[in-house]
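Printed here is start-v7.pdb (PDB, C-alpha atoms):
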MODEL        1
ATOM      1  CA  SER V   1     -41.663 -32.409  25.964  1.00  0.00           C
ATOM      2  CA  ASN V   2     -37.894 -32.024  25.940  1.00  0.00           C
ATOM      3  CA  GLU V   3     -36.463 -28.515  26.095  1.00  0.00           C
ATOM      4  CA  ARG V   4     -32.926 -27.537  25.475  1.00  0.00           C
ATOM      5  CA  SER V   5     -31.410 -24.155  26.187  1.00  0.00           C
ATOM      6  CA  VAL V   6     -28.805 -23.221  23.602  1.00  0.00           C
ATOM      7  CA  THR V   7     -26.697 -20.092  23.484  1.00  0.00           C
ATOM      8  CA  THR V   8     -25.850 -19.076  19.949  1.00  0.00           C
ATOM      9  CA  PRO V   9     -22.424 -17.439  19.782  1.00  0.00           C
ATOM     10  CA  TYR V  10     -22.098 -14.213  17.860  1.00  0.00           C
ATOM     11  CA  CYS V  11     -19.577 -13.957  15.071  1.00  0.00           C
ATOM     12  CA  PRO V  12     -16.617 -11.788  16.026  1.00  0.00           C
ATOM     13  CA  PRO V  13     -16.726  -8.378  14.340  1.00  0.00           C
ATOM     14  CA  THR V  14     -14.012  -7.249  11.919  1.00  0.00           C
ATOM     15  CA  LEU V  15     -12.924  -3.805  10.764  1.00  0.00           C
ATOM     16  CA  ASN V  16     -10.643  -2.659   7.947  1.00  0.00           C
ATOM     17  CA  PHE V  17      -9.831   1.067   8.128  1.00  0.00           C
ATOM     18  CA  SER V  18      -7.380   2.911   5.862  1.00  0.00           C
ATOM     19  CA  GLY V  19      -6.549   6.317   4.441  1.00  0.00           C
ATOM     20  CA  SER V  20      -5.107   7.360   1.099  1.00  0.00           C
ATOM     21  CA  PRO V  21      -2.882   9.262   0.822  1.00  0.00           C
ATOM     22  CA  THR V  22      -1.455   9.382   4.348  1.00  0.00           C
ATOM     23  CA  SER V  23       1.159  12.041   3.526  1.00  0.00           C
ATOM     24  CA  ILE V  24      -0.158  15.342   2.174  1.00  0.00           C
ATOM     25  CA  PHE V  25       0.613  19.051   2.008  1.00  0.00           C
ATOM     26  CA  GLU V  26      -1.375  21.453   4.176  1.00  0.00           C
ATOM     27  CA  GLY V  27      -4.779  22.154   2.618  1.00  0.00           C
ATOM     28  CA  GLN V  28      -4.935  18.915   0.603  1.00  0.00           C
ATOM     29  CA  SER V  29      -7.473  16.172   1.230  1.00  0.00           C
ATOM     30  CA  THR V  30      -7.271  12.478   1.976  1.00  0.00           C
ATOM     31  CA  THR V  31      -9.893   9.737   1.690  1.00  0.00           C
ATOM     32  CA  LEU V  32     -10.696   7.531   4.663  1.00  0.00           C
ATOM     33  CA  THR V  33     -12.206   4.147   3.737  1.00  0.00           C
ATOM     34  CA  TRP V  34     -13.586   1.442   5.997  1.00  0.00           C
ATOM     35  CA  SER V  35     -15.523  -1.802   5.920  1.00  0.00           C
ATOM     36  CA  SER V  36     -16.805  -3.938   8.754  1.00  0.00           C
ATOM     37  CA  THR V  37     -18.503  -7.300   9.114  1.00  0.00           C
ATOM     38  CA  PHE V  38     -20.795  -8.620  11.841  1.00  0.00           C
ATOM     39  CA  THR V  39     -21.110  -5.111  13.343  1.00  0.00           C
ATOM     40  CA  THR V  40     -24.111  -3.043  14.403  1.00  0.00           C
ATOM     41  CA  SER V  41     -22.539   0.415  14.835  1.00  0.00           C
ATOM     42  CA  CYS V  42     -19.344   2.361  14.122  1.00  0.00           C
ATOM     43  CA  THR V  43     -18.139   5.424  16.020  1.00  0.00           C
ATOM     44  CA  ALA V  44     -15.443   7.901  15.007  1.00  0.00           C
ATOM     45  CA  SER V  45     -13.101   9.697  17.391  1.00  0.00           C
ATOM     46  CA  GLY V  46      -9.897  11.688  17.237  1.00  0.00           C
ATOM     47  CA  ALA V  47      -9.919  14.245  14.418  1.00  0.00           C
ATOM     48  CA  TRP V  48     -13.491  13.289  13.484  1.00  0.00           C
ATOM     49  CA  ASN V  49     -16.499  12.414  15.624  1.00  0.00           C
ATOM     50  CA  GLY V  50     -19.885  10.793  15.617  1.00  0.00           C
ATOM     51  CA  SER V  51     -21.626   7.763  14.210  1.00  0.00           C
ATOM     52  CA  LYS V  52     -20.424   6.382  10.898  1.00  0.00           C
ATOM     53  CA  ALA V  53     -21.933   3.905   8.459  1.00  0.00           C
ATOM     54  CA  LEU V  54     -20.873   0.265   8.816  1.00  0.00           C
ATOM     55  CA  ASN V  55     -19.067   0.561   5.467  1.00  0.00           C
ATOM     56  CA  GLY V  56     -18.095   3.731   3.672  1.00  0.00           C
ATOM     57  CA  SER V  57     -15.621   6.430   2.806  1.00  0.00           C
ATOM     58  CA  GLU V  58     -15.175  10.086   3.623  1.00  0.00           C
ATOM     59  CA  ILE V  59     -13.006  12.824   2.148  1.00  0.00           C
ATOM     60  CA  VAL V  60     -11.373  14.943   4.859  1.00  0.00           C
ATOM     61  CA  VAL V  61      -9.042  17.952   4.880  1.00  0.00           C
ATOM     62  CA  PRO V  62      -6.919  17.430   7.993  1.00  0.00           C
ATOM     63  CA  LEU V  63      -5.400  20.405   9.821  1.00  0.00           C
ATOM     64  CA  PRO V  64      -3.051  21.468  11.391  1.00  0.00           C
ATOM     65  CA  PRO V  65       0.432  20.054  10.711  1.00  0.00           C
ATOM     66  CA  PRO V  66       2.398  17.935  11.573  1.00  0.00           C
ATOM     67  CA  SER V  67      -0.152  15.070  11.793  1.00  0.00           C
ATOM     68  CA  VAL V  68      -3.779  14.200  12.498  1.00  0.00           C
ATOM     69  CA  THR V  69      -5.160  10.912  13.818  1.00  0.00           C
ATOM     70  CA  TYR V  70      -8.541   9.511  12.765  1.00  0.00           C
ATOM     71  CA  THR V  71      -9.870   6.600  14.863  1.00  0.00           C
ATOM     72  CA  LEU V  72     -12.778   4.243  14.201  1.00  0.00           C
ATOM     73  CA  THR V  73     -14.349   1.597  16.459  1.00  0.00           C
ATOM     74  CA  CYS V  74     -17.150  -0.747  15.398  1.00  0.00           C
ATOM     75  CA  THR V  75     -19.166  -2.839  17.825  1.00  0.00           C
ATOM     76  CA  SER V  76     -21.604  -5.738  17.789  1.00  0.00           C
ATOM     77  CA  PRO V  77     -23.201  -8.098  20.297  1.00  0.00           C
ATOM     78  CA  GLY V  78     -20.144 -10.296  19.701  1.00  0.00           C
ATOM     79  CA  GLY V  79     -17.645  -7.657  20.823  1.00  0.00           C
ATOM     80  CA  SER V  80     -15.672  -4.754  19.468  1.00  0.00           C
ATOM     81  CA  ALA V  81     -13.525  -4.312  16.358  1.00  0.00           C
ATOM     82  CA  GLY V  82     -10.920  -1.658  16.863  1.00  0.00           C
ATOM     83  CA  PRO V  83     -10.152   0.957  17.700  1.00  0.00           C
ATOM     84  CA  GLN V  84      -8.143   1.313  14.506  1.00  0.00           C
ATOM     85  CA  SER V  85      -6.383   4.539  13.589  1.00  0.00           C
ATOM     86  CA  VAL V  86      -5.143   6.265  10.456  1.00  0.00           C
ATOM     87  CA  ILE V  87      -2.439   8.891  10.923  1.00  0.00           C
ATOM     88  CA  VAL V  88      -2.198  11.522   8.193  1.00  0.00           C
ATOM     89  CA  ASN V  89       1.136  13.347   8.045  1.00  0.00           C
ATOM     90  CA  ILE V  90       0.820  16.969   6.922  1.00  0.00           C
ATOM     91  CA  THR V  91       3.656  19.022   5.456  1.00  0.00           C
ATOM     92  CA  PRO V  92       3.144  22.749   6.087  1.00  0.00           C
ATOM     93  CA  LEU V  93       3.233  25.119   3.154  1.00  0.00           C
ATOM     94  CA  ALA V  94       6.378  27.216   3.316  1.00  0.00           C
ATOM     95  CA  LEU V  95       6.196  30.889   2.500  1.00  0.00           C
ATOM     96  CA  PRO V  96       8.726  32.110  -0.016  1.00  0.00           C
ATOM     97  CA  GLU V  97      11.665  33.984   1.398  1.00  0.00           C
ATOM     98  CA  TRP V  98      10.682  37.597   0.900  1.00  0.00           C
ATOM     99  CA  LYS V  99      13.330  40.294   0.843  1.00  0.00           C
ATOM    100  CA  GLU V 100      12.441  43.827   1.598  1.00  0.00           C
ATOM    101  CA  ILE V 101      14.079  46.318  -0.747  1.00  0.00           C
ATOM    102  CA  ILE V 102      14.430  49.809   0.617  1.00  0.00           C
ATOM    103  CA  PRO V 103      15.481  52.494  -1.886  1.00  0.00           C
ATOM    104  CA  ARG V 104      18.417  54.694  -0.900  1.00  0.00           C
TER     105      ARG V 104
ENDMDL
END
Starting from the file, lay out its structure as C-alpha cells.
Amino acid sequence: SNERSVTTPYCPPTLNFSGSPTSIFEGQSTTLTWSSTFTTSCTASGAWNGSKALNGSEIVVPLPPPSVTYTLTCTSPGGSAGPQSVIVNITPLALPEWKEIIPR
C-alpha cells in the first residue's frame, strides 16, 4: 500500500479585545469585551488575572488613578494571538474645597 505523511497546518488564531468606556471617573465601571477564533485558551494579566473564556465580557471597576491596563492573550496549537491590552484612564474624584470657619 502507499502511505503519505501529511502535516495539516493549524489556522492562525485571532483576538479582538476592547473596553468601553476607556475614560471614567474613579469608582465607575467599564466593560471589557473579547472574541477569539481558532484558540484553545485565553489568559488575562495586568489588572486582572487567570483563565478567561474564549469569547466573553466582564464588567470591572478599575482602581487606582491615573490608569489601569488589562491584557489578554489567547493561544492555540497554531500560535498565539496577542497579547492585546486595553488601557482605562481614570479621573480621580476631587474633594470640594472646604473652608474652616472659626468664630471670633
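A straight line drawn from atom CA of Thr14 of chain V to atom CA of Trp48 of chain V is 20.6 Å long.
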Have a look at atom CA of Thr73 of chain V and atom CA of Ser20 of chain V and let me know their distance in Å, one decimal.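 We find that atom CA of Thr73 of chain V and atom CA of Ser20 of chain V lie 18.8 Å from each other.
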Who sits within 8 Å of Lys52 of chain V, all atoms listed in the file, same chain under 6 positions skipped, as number ranges by chain: V: 41-44
Using the chain letters and numbers from the file, which residues does the PyMOL selection byres ((chain V and resi 38) around 7) grab, as number ranges by chain? V: 11-14, 36-37, 39-40, 76
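Candidate residues V:Pro92, V:Pro21, V:Gly56, V:Gly79 were compared for distance to Trp34 of chain V, and the nearest is V:Gly56, using all atoms listed in the file.
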Between atom CA of Ala81 of chain V and atom CA of Val68 of chain V, measure the distance and give it in Å to one decimal. 21.3 Å
Evaluate the PyMOL selection byres ((chain V and resi 57) around 7) on the structure here and hand back the selected residues as a PyMOL selection string. chain V and resi 31-34+56+58-59
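Proximity of V:Gly27, V:Pro9, V:Pro64, V:Gly46 to Gln84 of chain V, computed with only C-alpha atoms, is greatest for V:Gly46.
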Who sits within 6 Å of Glu26 of chain V, only C-alpha atoms, same chain under 4 positions skipped, as an mmCIF file with C-alpha atoms, in the frame of the given file:
data_model
loop_
_atom_site.group_PDB
_atom_site.id
_atom_site.type_symbol
_atom_site.label_atom_id
_atom_site.label_comp_id
_atom_site.auth_asym_id
_atom_site.auth_seq_id
_atom_site.Cartn_x
_atom_site.Cartn_y
_atom_site.Cartn_z
ATOM 1 C CA ILE V 90 0.820 16.969 6.922
ATOM 2 C CA THR V 91 3.656 19.022 5.456
ATOM 3 C CA PRO V 92 3.144 22.749 6.087
ATOM 4 C CA LEU V 93 3.233 25.119 3.154
#
When you count all atoms listed in the file, which of these residues is closest to Gly19 of chain V: V:Val60, V:Ala94, V:Ser5, V:Pro65? V:Val60
Return as AutoDock Vina command-line options the centre and edge lengths, in Å with one decimal, of the box along x, y and z that encloses every atom of segment 68-81 of chain V in the file, padded by 6 Å per side.
--center_x -13.5 --center_y 2.0 --center_z 16.7 --size_x 31.4 --size_y 36.5 --size_z 20.3
Answer key for the PyMOL selection byres ((chain V and resi 61) around 7), residues as a ChimeraX atom specification: /V:27-30,60,62-63
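You can rank V:Ile24, V:Phe17, V:Asn55, V:Ala47 by their closest distance to Pro83 of chain V using only C-alpha atoms, and at the top of that list sits V:Phe17.
Of the residues listed (V:Thr71, V:Ser35, V:Ser51, V:Asn89), V:Ser35 shows the shortest atom-to-atom separation from Leu15 of chain V; distances use all atoms listed in the file.
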